[in-house]
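Chemist: Let me begin by handing over the structure; questions about it come next.
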Amino acid sequence: MPVSPRPSIMTIDPYVGGESKIPGVNRIIKLSSNEGAFGPPPAAIEAITRAGREAHRYPDGAATALREAIGGRFGLDPARIVTGNGSDELISLLCLAYGGEGTEIIMSAYGFMMYDLSGRAGGARVLKVAEKPAPGGVGTVADIDGMIAAAGPRTRIVFLTNPNNPTGTLLPNSELARLRAGLRDDILLVLDSAYAEYVTEPDYDPGNGLVDAAGNTIMLRTFSKVFGLGGMRIGWGYAPAGIIDVMNRVRGPFNVAAASQAAALGALSEPGWVEKSVAHNTEWRGRLSAALSAAGAEVWPSHANFIFADFGSAEAARTIDARLKARGLIVRGMAGYGLPQALRFTVGNAEECQMVIDALGTPHG
Ligand SMILES: *Cc1c(COP(=O)(O)O)cnc(C)c1O
């Protein structure tokens with residue numbers, strides 16, 4: 001007799017990442033996965049090379065040096081940091097530890113897809129709450145009141161991405177605080193701040209305040225975006241001691257590879273990396289947004305390293321996508337979110353952004 005998994009597993013469609021190939025096109029420019037514009041920091045590349053010579057050794061399972069460096073950089077207690085094989089792993093472990101059969105998980109309709117996949121893999125029912133128009137009138141944001149209203153007796157976890165991927169929109173701290181205050185104390189709030197470094201709003205808090213205020217909130221961060229290390233798989237969480245203790249029980253003892261820990265340490269030591277990346281991002285995000293608007297798209301206000309552009313119809317989005325693809329430019333289709341009229345553009349380096357701008361400006365090219 002064939003083996004079969006728990007029934008909830010077969011309701012999951014495997015994650016489809018950003019495309020990376022176009023048949024017949026040699027030079028591919030991948031602007032579909034929000035990887036940092038400048039590649040890996042040089043100090044990270046050196047660290048990976050050095051780590052290769054020690055690859056027969058198991059990693060430090062506690063990632064002590066890395067947690068201390070993260071704590072030093074972001075002003076956080078290293079004892080309340082947990083590292084993961086990407087923040088994706090931490091999302092999955094949270095769903096295993098706090099979700100499970102018979103429970104419910106809440107996310108916003110356009111929140112990050114992994115919450116849905118991991119939540120269901122853990123056996124939970126995942127509720128997606130419709131978004132509401134953003135205060136400025138363009139785009140949408142998570143509906144905090146709707147998420148609070150959706151929480152019921154079986155709810156165990158609420159996920160919120162801020163700034164959100166794929167929309168790029170940002171909620172103010174007051175809305176996050178209102179969400180936390182409106183949820184029962186025994187519901188875990190997961191604030192996924194994967195794009196925190198790119199935010200230039202002066203009073204933005206990626207989650208430190210809410211984590212410190214009570215025992216039921218965790219902030220997730222990653223080295224995959226501004227630090228340019230998506231291929232090394234390093235994410236981290238900052239949480240109250242009780243949640244860190246749970247994570248340390250459910251994670252694999254060596255869940256972050258030695259070369260990955262070394263790479264992250266290297267990235268943190270690279271002088272001026274984040275400043276340079278953010279300055280570039282802010283400048284080119286503005287230029288790309290202007291070019292997209294000129295091409296007829298509604299551009300949602302972005303606080304991250306990508307731009308969500310609504311072309312009005314699926315056909316219009318397909319036309320733009322085809323024009324980009326003909327030049328080797330791969331952006332992310334949004335049909336998986338029920339938004340086939342939109343495309344998401346990662347802010348690449350200057351040359352890549354200019355290629356996108358040129359392609360947008362030549363309707364028949
Ligand atoms: C990219 C991304 C992640 C995953 O990051 P990894 O650390 O590479 O697993 C998590 N959340 C959001 C919102 C992201 O965009």
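Convention: chains lettered A, B, ... in structure tokens order; per-chain residue numbering from 1; ligands numbered from 1 as shown.
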At a cut-off of 7 Å around ligand 1, and using only C-alpha atoms and all ligand atoms, what residues come up? Please write them as an MDAnalysis selection string.
Modeler: chainID A and resid 85:89 112 161 164:165 192:194 221:225 230 233:235
Chemist: For segment 15-99 of chain A against segment 277-291 of chain A, with a cut-off of 9 Å and counting only C-alpha atoms, what is the closest atom pair and its distance in Å to one decimal for every residue that makes the cut, ordered by chain and number, as a tab-separated table?
Modeler:
```
residue	atom	partner	partner_atom	distance
A:Gly36	CA	A:Ser277	CA	7.8
A:Ala37	CA	A:Ser277	CA	7.3
A:Phe38	CA	A:Ser277	CA	7.5
```
Chemist: Nearest residue to Phe306 of chain A out of A:Thr103, A:Asn162, A:Thr155, A:Ser32, using only C-alpha atoms?
Modeler: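 For Phe306 of chain A, the nearest of the given residues is A:Ser32.
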Chemist: By how many Å are atom CA of Ala181 of chain A and atom CA of Ala213 of chain A apart?
Modeler: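 Taking atom CA of Ala181 of chain A and atom CA of Ala213 of chain A, their separation equals 10.9 Å.
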Chemist: Could you give me, as a list in words, the residues within 10 Å of Ala55 of chain A, counting only C-alpha atoms and dropping anything in the same chain fewer than 4 positions from it?
Modeler: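 Those residues are Arg50, Ala51, Pro59, Ala257, Ala258 and Ala259 of chain A.
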Chemist: Would you put the residues from that selection into a file with N, CA and C atoms, as a short mmCIF file (atom, residue, chain, number, x, y, z; two decimals), in the first residue's frame?
Modeler:
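Output file selection.cif is given in full below:
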```
data_model
loop_
_atom_site.label_atom_id
_atom_site.label_comp_id
_atom_site.auth_asym_id
_atom_site.auth_seq_id
_atom_site.Cartn_x
_atom_site.Cartn_y
_atom_site.Cartn_z
N ARG A 50 36.80 31.46 2.95
CA ARG A 50 37.56 30.96 4.11
C ARG A 50 36.84 29.79 4.76
N ALA A 51 35.51 29.89 4.85
CA ALA A 51 34.73 28.84 5.52
C ALA A 51 34.83 27.52 4.77
N PRO A 59 28.84 23.33 12.17
CA PRO A 59 28.75 24.74 12.57
C PRO A 59 28.55 24.88 14.08
N ALA A 257 24.15 26.80 8.31
CA ALA A 257 25.45 26.28 7.90
C ALA A 257 26.59 27.21 8.35
N ALA A 258 27.75 26.62 8.55
CA ALA A 258 28.90 27.41 9.02
C ALA A 258 29.25 28.51 8.02
N ALA A 259 29.27 28.18 6.72
CA ALA A 259 29.61 29.19 5.72
C ALA A 259 28.57 30.32 5.72
#
```
Chemist: If we count only C-alpha atoms and set the cut-off at 10 Å, which residues sit around Ile148 of chain A, ignoring sequence neighbours fewer than 4 positions away in its own chain? Please answer as a compact mmCIF listing (two decimals) with C-alpha atoms, in the first residue's frame.
Modeler:
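And here's around-v3.txt as it stands now:
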```txt
# COMPACT_ATOMS: atom_id res chain seq x y z
CA ILE A 106 -4.56 34.66 10.12
CA VAL A 129 -8.31 38.77 5.38
CA ASP A 143 -7.06 45.67 7.29
CA ILE A 144 -6.19 45.68 11.00
CA GLY A 152 -11.58 33.32 16.86
CA VAL A 158 -1.33 36.22 13.15
CA ARG A 178 -3.56 48.47 17.55
CA LEU A 179 -3.36 44.97 16.06
CA ARG A 180 -1.46 43.63 19.05
CA ALA A 181 -3.84 45.30 21.49
CA GLY A 182 -6.87 43.90 19.64
CA LEU A 183 -5.65 40.28 19.73
CA ARG A 184 -5.92 37.93 22.70
```
Chemist: Residues of segment 147-272 of chain A in strand (DSSP E) according to DSSP, as an mmCIF file with all heavy atoms, in the first residue's frame?
Modeler:
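Saved the output as states.cif:
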```
data_model
loop_
_atom_site.group_PDB
_atom_site.id
_atom_site.type_symbol
_atom_site.label_atom_id
_atom_site.label_comp_id
_atom_site.auth_asym_id
_atom_site.auth_seq_id
_atom_site.Cartn_x
_atom_site.Cartn_y
_atom_site.Cartn_z
ATOM 1 N N THR A 155 -7.752 30.596 16.827
ATOM 2 C CA THR A 155 -6.627 31.355 16.270
ATOM 3 C C THR A 155 -5.406 31.260 17.192
ATOM 4 O O THR A 155 -5.512 31.475 18.399
ATOM 5 C CB THR A 155 -7.004 32.839 16.075
ATOM 6 O OG1 THR A 155 -8.171 32.900 15.263
ATOM 7 C CG2 THR A 155 -5.868 33.601 15.418
ATOM 8 N N ARG A 156 -4.263 30.915 16.598
ATOM 9 C CA ARG A 156 -3.032 30.802 17.382
ATOM 10 C C ARG A 156 -1.949 31.763 16.913
ATOM 11 O O ARG A 156 -1.078 32.156 17.681
ATOM 12 C CB ARG A 156 -2.471 29.374 17.280
ATOM 13 C CG ARG A 156 -3.319 28.322 17.941
ATOM 14 C CD ARG A 156 -3.317 28.468 19.470
ATOM 15 N NE ARG A 156 -4.206 27.488 20.073
ATOM 16 C CZ ARG A 156 -5.516 27.660 20.222
ATOM 17 N NH1 ARG A 156 -6.079 28.797 19.851
ATOM 18 N NH2 ARG A 156 -6.258 26.721 20.756
ATOM 19 N N ILE A 157 -1.960 32.099 15.609
ATOM 20 C CA ILE A 157 -0.894 32.949 15.054
ATOM 21 C C ILE A 157 -1.512 33.972 14.102
ATOM 22 O O ILE A 157 -2.425 33.633 13.338
ATOM 23 C CB ILE A 157 0.139 32.127 14.236
ATOM 24 C CG1 ILE A 157 0.653 30.910 15.022
ATOM 25 C CG2 ILE A 157 1.309 33.004 13.796
ATOM 26 C CD1 ILE A 157 1.599 30.013 14.223
ATOM 27 N N VAL A 158 -1.002 35.203 14.148
ATOM 28 C CA VAL A 158 -1.334 36.217 13.150
ATOM 29 C C VAL A 158 -0.018 36.685 12.533
ATOM 30 O O VAL A 158 0.913 37.055 13.251
ATOM 31 C CB VAL A 158 -2.086 37.414 13.774
ATOM 32 C CG1 VAL A 158 -2.266 38.537 12.750
ATOM 33 C CG2 VAL A 158 -3.440 36.969 14.321
ATOM 34 N N PHE A 159 0.059 36.608 11.197
ATOM 35 C CA PHE A 159 1.261 37.055 10.485
ATOM 36 C C PHE A 159 1.010 38.420 9.857
ATOM 37 O O PHE A 159 -0.031 38.639 9.221
ATOM 38 C CB PHE A 159 1.589 36.080 9.339
ATOM 39 C CG PHE A 159 2.271 34.822 9.771
ATOM 40 C CD1 PHE A 159 1.557 33.637 9.902
ATOM 41 C CD2 PHE A 159 3.643 34.811 10.020
ATOM 42 C CE1 PHE A 159 2.200 32.454 10.275
ATOM 43 C CE2 PHE A 159 4.286 33.635 10.396
ATOM 44 C CZ PHE A 159 3.564 32.453 10.521
ATOM 45 N N LEU A 160 1.972 39.320 9.989
ATOM 46 C CA LEU A 160 1.880 40.611 9.307
ATOM 47 C C LEU A 160 3.257 40.990 8.751
ATOM 48 O O LEU A 160 4.255 40.948 9.471
ATOM 49 C CB LEU A 160 1.408 41.696 10.278
ATOM 50 C CG LEU A 160 1.097 43.032 9.599
ATOM 51 C CD1 LEU A 160 -0.213 42.951 8.810
ATOM 52 C CD2 LEU A 160 1.024 44.159 10.609
ATOM 53 N N THR A 161 3.289 41.339 7.471
ATOM 54 C CA THR A 161 4.534 41.761 6.822
ATOM 55 C C THR A 161 4.528 43.279 6.740
ATOM 56 O O THR A 161 3.551 43.861 6.269
ATOM 57 C CB THR A 161 4.591 41.224 5.375
ATOM 58 O OG1 THR A 161 3.916 39.979 5.310
ATOM 59 C CG2 THR A 161 6.014 41.084 4.912
ATOM 60 N N LEU A 188 -0.037 34.437 19.037
ATOM 61 C CA LEU A 188 1.305 34.891 18.670
ATOM 62 C C LEU A 188 1.203 35.838 17.479
ATOM 63 O O LEU A 188 0.618 35.494 16.451
ATOM 64 C CB LEU A 188 2.171 33.671 18.294
ATOM 65 C CG LEU A 188 3.561 33.982 17.728
ATOM 66 C CD1 LEU A 188 4.462 34.600 18.797
ATOM 67 C CD2 LEU A 188 4.211 32.704 17.169
ATOM 68 N N LEU A 189 1.789 37.044 17.614
ATOM 69 C CA LEU A 189 1.858 37.979 16.489
ATOM 70 C C LEU A 189 3.262 37.887 15.889
ATOM 71 O O LEU A 189 4.258 38.052 16.596
ATOM 72 C CB LEU A 189 1.576 39.408 16.955
ATOM 73 C CG LEU A 189 1.750 40.507 15.892
ATOM 74 C CD1 LEU A 189 0.807 40.311 14.705
ATOM 75 C CD2 LEU A 189 1.524 41.889 16.523
ATOM 76 N N VAL A 190 3.326 37.585 14.592
ATOM 77 C CA VAL A 190 4.607 37.486 13.894
ATOM 78 C C VAL A 190 4.749 38.705 12.988
ATOM 79 O O VAL A 190 3.990 38.858 12.023
ATOM 80 C CB VAL A 190 4.693 36.200 13.050
ATOM 81 C CG1 VAL A 190 6.064 36.095 12.394
ATOM 82 C CG2 VAL A 190 4.413 34.971 13.905
ATOM 83 N N LEU A 191 5.678 39.588 13.313
ATOM 84 C CA LEU A 191 5.945 40.766 12.485
ATOM 85 C C LEU A 191 7.127 40.452 11.587
ATOM 86 O O LEU A 191 8.254 40.295 12.067
ATOM 87 C CB LEU A 191 6.254 41.976 13.364
ATOM 88 C CG LEU A 191 5.090 42.514 14.193
ATOM 89 C CD1 LEU A 191 5.559 43.638 15.109
ATOM 90 C CD2 LEU A 191 3.957 42.985 13.291
ATOM 91 N N ASP A 192 6.845 40.311 10.310
ATOM 92 C CA ASP A 192 7.895 39.955 9.347
ATOM 93 C C ASP A 192 8.406 41.246 8.730
ATOM 94 O O ASP A 192 7.732 41.883 7.923
ATOM 95 C CB ASP A 192 7.294 39.016 8.300
ATOM 96 C CG ASP A 192 8.323 38.502 7.307
ATOM 97 O OD1 ASP A 192 9.420 39.099 7.206
ATOM 98 O OD2 ASP A 192 8.021 37.513 6.605
ATOM 99 N N THR A 217 4.981 38.324 20.948
ATOM 100 C CA THR A 217 5.257 38.863 19.610
ATOM 101 C C THR A 217 6.689 38.519 19.217
ATOM 102 O O THR A 217 7.594 38.593 20.043
ATOM 103 C CB THR A 217 5.059 40.398 19.591
ATOM 104 O OG1 THR A 217 3.712 40.691 19.983
ATOM 105 C CG2 THR A 217 5.316 40.980 18.208
ATOM 106 N N ILE A 218 6.863 38.126 17.946
ATOM 107 C CA ILE A 218 8.208 37.869 17.428
ATOM 108 C C ILE A 218 8.412 38.709 16.166
ATOM 109 O O ILE A 218 7.483 38.890 15.376
ATOM 110 C CB ILE A 218 8.446 36.365 17.140
ATOM 111 C CG1 ILE A 218 9.877 36.117 16.613
ATOM 112 C CG2 ILE A 218 7.415 35.780 16.155
ATOM 113 C CD1 ILE A 218 10.295 34.640 16.601
ATOM 114 N N MET A 219 9.617 39.246 16.010
ATOM 115 C CA MET A 219 9.993 39.969 14.792
ATOM 116 C C MET A 219 10.919 39.071 13.972
ATOM 117 O O MET A 219 11.847 38.466 14.515
ATOM 118 C CB MET A 219 10.740 41.253 15.161
ATOM 119 C CG MET A 219 11.453 41.895 13.963
ATOM 120 S SD MET A 219 12.266 43.461 14.351
ATOM 121 C CE MET A 219 13.651 42.946 15.380
ATOM 122 N N LEU A 220 10.654 38.975 12.679
ATOM 123 C CA LEU A 220 11.514 38.186 11.789
ATOM 124 C C LEU A 220 12.295 39.105 10.850
ATOM 125 O O LEU A 220 11.750 40.071 10.315
ATOM 126 C CB LEU A 220 10.684 37.210 10.956
ATOM 127 C CG LEU A 220 9.907 36.145 11.706
ATOM 128 C CD1 LEU A 220 9.179 35.234 10.721
ATOM 129 C CD2 LEU A 220 10.828 35.326 12.621
ATOM 130 N N ARG A 221 13.568 38.780 10.645
ATOM 131 C CA ARG A 221 14.433 39.561 9.749
ATOM 132 C C ARG A 221 15.235 38.586 8.876
ATOM 133 O O ARG A 221 15.260 37.379 9.129
ATOM 134 C CB ARG A 221 15.380 40.434 10.585
ATOM 135 C CG ARG A 221 14.635 41.352 11.559
ATOM 136 C CD ARG A 221 14.064 42.567 10.864
ATOM 137 N NE ARG A 221 15.128 43.444 10.455
ATOM 138 C CZ ARG A 221 15.601 44.453 11.198
ATOM 139 N NH1 ARG A 221 15.088 44.704 12.385
ATOM 140 N NH2 ARG A 221 16.566 45.220 10.746
ATOM 141 N N THR A 222 15.905 39.116 7.864
ATOM 142 C CA THR A 222 16.616 38.232 6.946
ATOM 143 C C THR A 222 17.889 38.870 6.394
ATOM 144 O O THR A 222 17.994 40.095 6.336
ATOM 145 C CB THR A 222 15.702 37.831 5.766
ATOM 146 O OG1 THR A 222 16.409 36.957 4.890
ATOM 147 C CG2 THR A 222 15.234 39.045 4.974
ATOM 148 N N GLY A 235 18.219 33.744 8.222
ATOM 149 C CA GLY A 235 17.222 34.659 8.761
ATOM 150 C C GLY A 235 17.355 34.665 10.271
ATOM 151 O O GLY A 235 18.066 33.839 10.846
ATOM 152 N N TRP A 236 16.692 35.609 10.903
ATOM 153 C CA TRP A 236 16.743 35.623 12.366
ATOM 154 C C TRP A 236 15.456 36.180 12.942
ATOM 155 O O TRP A 236 14.702 36.869 12.258
ATOM 156 C CB TRP A 236 17.958 36.385 12.888
ATOM 157 C CG TRP A 236 18.129 37.816 12.439
ATOM 158 C CD1 TRP A 236 18.677 38.239 11.251
ATOM 159 C CD2 TRP A 236 17.779 39.007 13.157
ATOM 160 N NE1 TRP A 236 18.677 39.614 11.200
ATOM 161 C CE2 TRP A 236 18.149 40.113 12.367
ATOM 162 C CE3 TRP A 236 17.216 39.249 14.417
ATOM 163 C CZ2 TRP A 236 17.946 41.440 12.764
ATOM 164 C CZ3 TRP A 236 17.018 40.570 14.829
ATOM 165 C CH2 TRP A 236 17.386 41.643 14.003
ATOM 166 N N GLY A 237 15.226 35.819 14.199
ATOM 167 C CA GLY A 237 14.052 36.316 14.892
ATOM 168 C C GLY A 237 14.465 36.923 16.215
ATOM 169 O O GLY A 237 15.451 36.501 16.829
ATOM 170 N N TYR A 238 13.714 37.942 16.646
ATOM 171 C CA TYR A 238 13.919 38.567 17.959
ATOM 172 C C TYR A 238 12.609 38.416 18.714
ATOM 173 O O TYR A 238 11.543 38.797 18.202
ATOM 174 C CB TYR A 238 14.292 40.039 17.782
ATOM 175 C CG TYR A 238 14.364 40.818 19.077
ATOM 176 C CD1 TYR A 238 15.329 40.501 20.041
ATOM 177 C CD2 TYR A 238 13.480 41.860 19.344
ATOM 178 C CE1 TYR A 238 15.387 41.216 21.237
ATOM 179 C CE2 TYR A 238 13.544 42.578 20.529
ATOM 180 C CZ TYR A 238 14.499 42.251 21.471
ATOM 181 O OH TYR A 238 14.557 42.954 22.646
#
```
Chemist: Excluding Ala297 of chain A and its own-chain neighbours fewer than 6 positions away, which residues fall within 12 Å of it when counting only C-alpha atoms? Please give them as number ranges by chain.
Modeler: A: 138-139, 288-291, 307-313, 316-317, 320, 341-344, 360
Chemist: Using backbone DSSP assignments, extract all helix (DSSP H, G or I) residues from segment 46-166 of chain A; output them as a VMD selection string.
Modeler: chain A and resid 46 to 52 64 to 74 78 to 80 86 to 98 113 to 121 144 to 150
Chemist: Convert the current residue selection to file output with C-alpha atoms, as a short mmCIF file (atom, residue, chain, number, x, y, z; two decimals), in the first residue's frame.
Modeler:
```
data_model
loop_
_atom_site.label_atom_id
_atom_site.label_comp_id
_atom_site.auth_asym_id
_atom_site.auth_seq_id
_atom_site.Cartn_x
_atom_site.Cartn_y
_atom_site.Cartn_z
CA GLU A 46 35.73 36.36 1.48
CA ALA A 47 34.20 34.79 4.56
CA ILE A 48 32.47 32.10 2.48
CA THR A 49 35.76 31.26 0.77
CA ARG A 50 37.56 30.96 4.11
CA ALA A 51 34.73 28.84 5.52
CA GLY A 52 35.20 26.37 2.68
CA THR A 64 26.84 32.60 19.10
CA ALA A 65 29.12 34.98 17.20
CA LEU A 66 26.42 35.78 14.69
CA ARG A 67 23.75 36.42 17.32
CA GLU A 68 26.17 38.70 19.17
CA ALA A 69 26.95 40.61 15.98
CA ILE A 70 23.25 40.98 15.14
CA GLY A 71 22.57 42.13 18.69
CA GLY A 72 25.39 44.66 18.48
CA ARG A 73 24.27 45.99 15.12
CA PHE A 74 20.58 46.36 15.95
CA PRO A 78 21.65 38.23 21.70
CA ALA A 79 20.01 35.81 24.13
CA ARG A 80 16.67 36.70 22.62
CA GLY A 86 16.36 31.75 6.04
CA SER A 87 13.46 33.39 7.82
CA ASP A 88 11.37 30.92 5.81
CA GLU A 89 12.56 28.21 8.19
CA LEU A 90 11.55 30.30 11.19
CA ILE A 91 8.08 30.84 9.68
CA SER A 92 7.75 27.10 9.23
CA LEU A 93 8.96 26.33 12.77
CA LEU A 94 6.54 28.87 14.25
CA CYS A 95 3.70 27.16 12.39
CA LEU A 96 4.80 23.75 13.69
CA ALA A 97 5.25 24.94 17.27
CA TYR A 98 2.21 27.20 17.66
CA MET A 113 2.78 33.45 0.52
CA MET A 114 4.97 31.31 2.81
CA TYR A 115 2.61 31.85 5.78
CA ASP A 116 -0.10 30.06 3.85
CA LEU A 117 2.14 27.18 2.74
CA SER A 118 3.81 26.67 6.11
CA GLY A 119 0.60 27.12 8.06
CA ARG A 120 -1.16 24.43 6.08
CA ALA A 121 1.88 22.15 6.17
CA ILE A 144 -6.19 45.68 11.00
CA ASP A 145 -9.83 45.75 12.13
CA GLY A 146 -10.62 42.91 9.75
CA MET A 147 -7.74 40.82 11.10
CA ILE A 148 -8.83 41.43 14.69
CA ALA A 149 -12.41 40.52 13.80
CA ALA A 150 -11.25 37.33 12.05
#
```
Chemist: I need the residue nearest Ala314 of chain A from this list: A:Glu352, A:Gly207, A:Gly333, A:Arg327. Use only C-alpha atoms for the distance.
Modeler: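 Nearest to Ala314 of chain A: A:Gly333.
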Chemist: What gap, in Å, lies between atom CA of Asn305 of chain A and atom CA of Ser293 of chain A?
Modeler: 17.2 Å
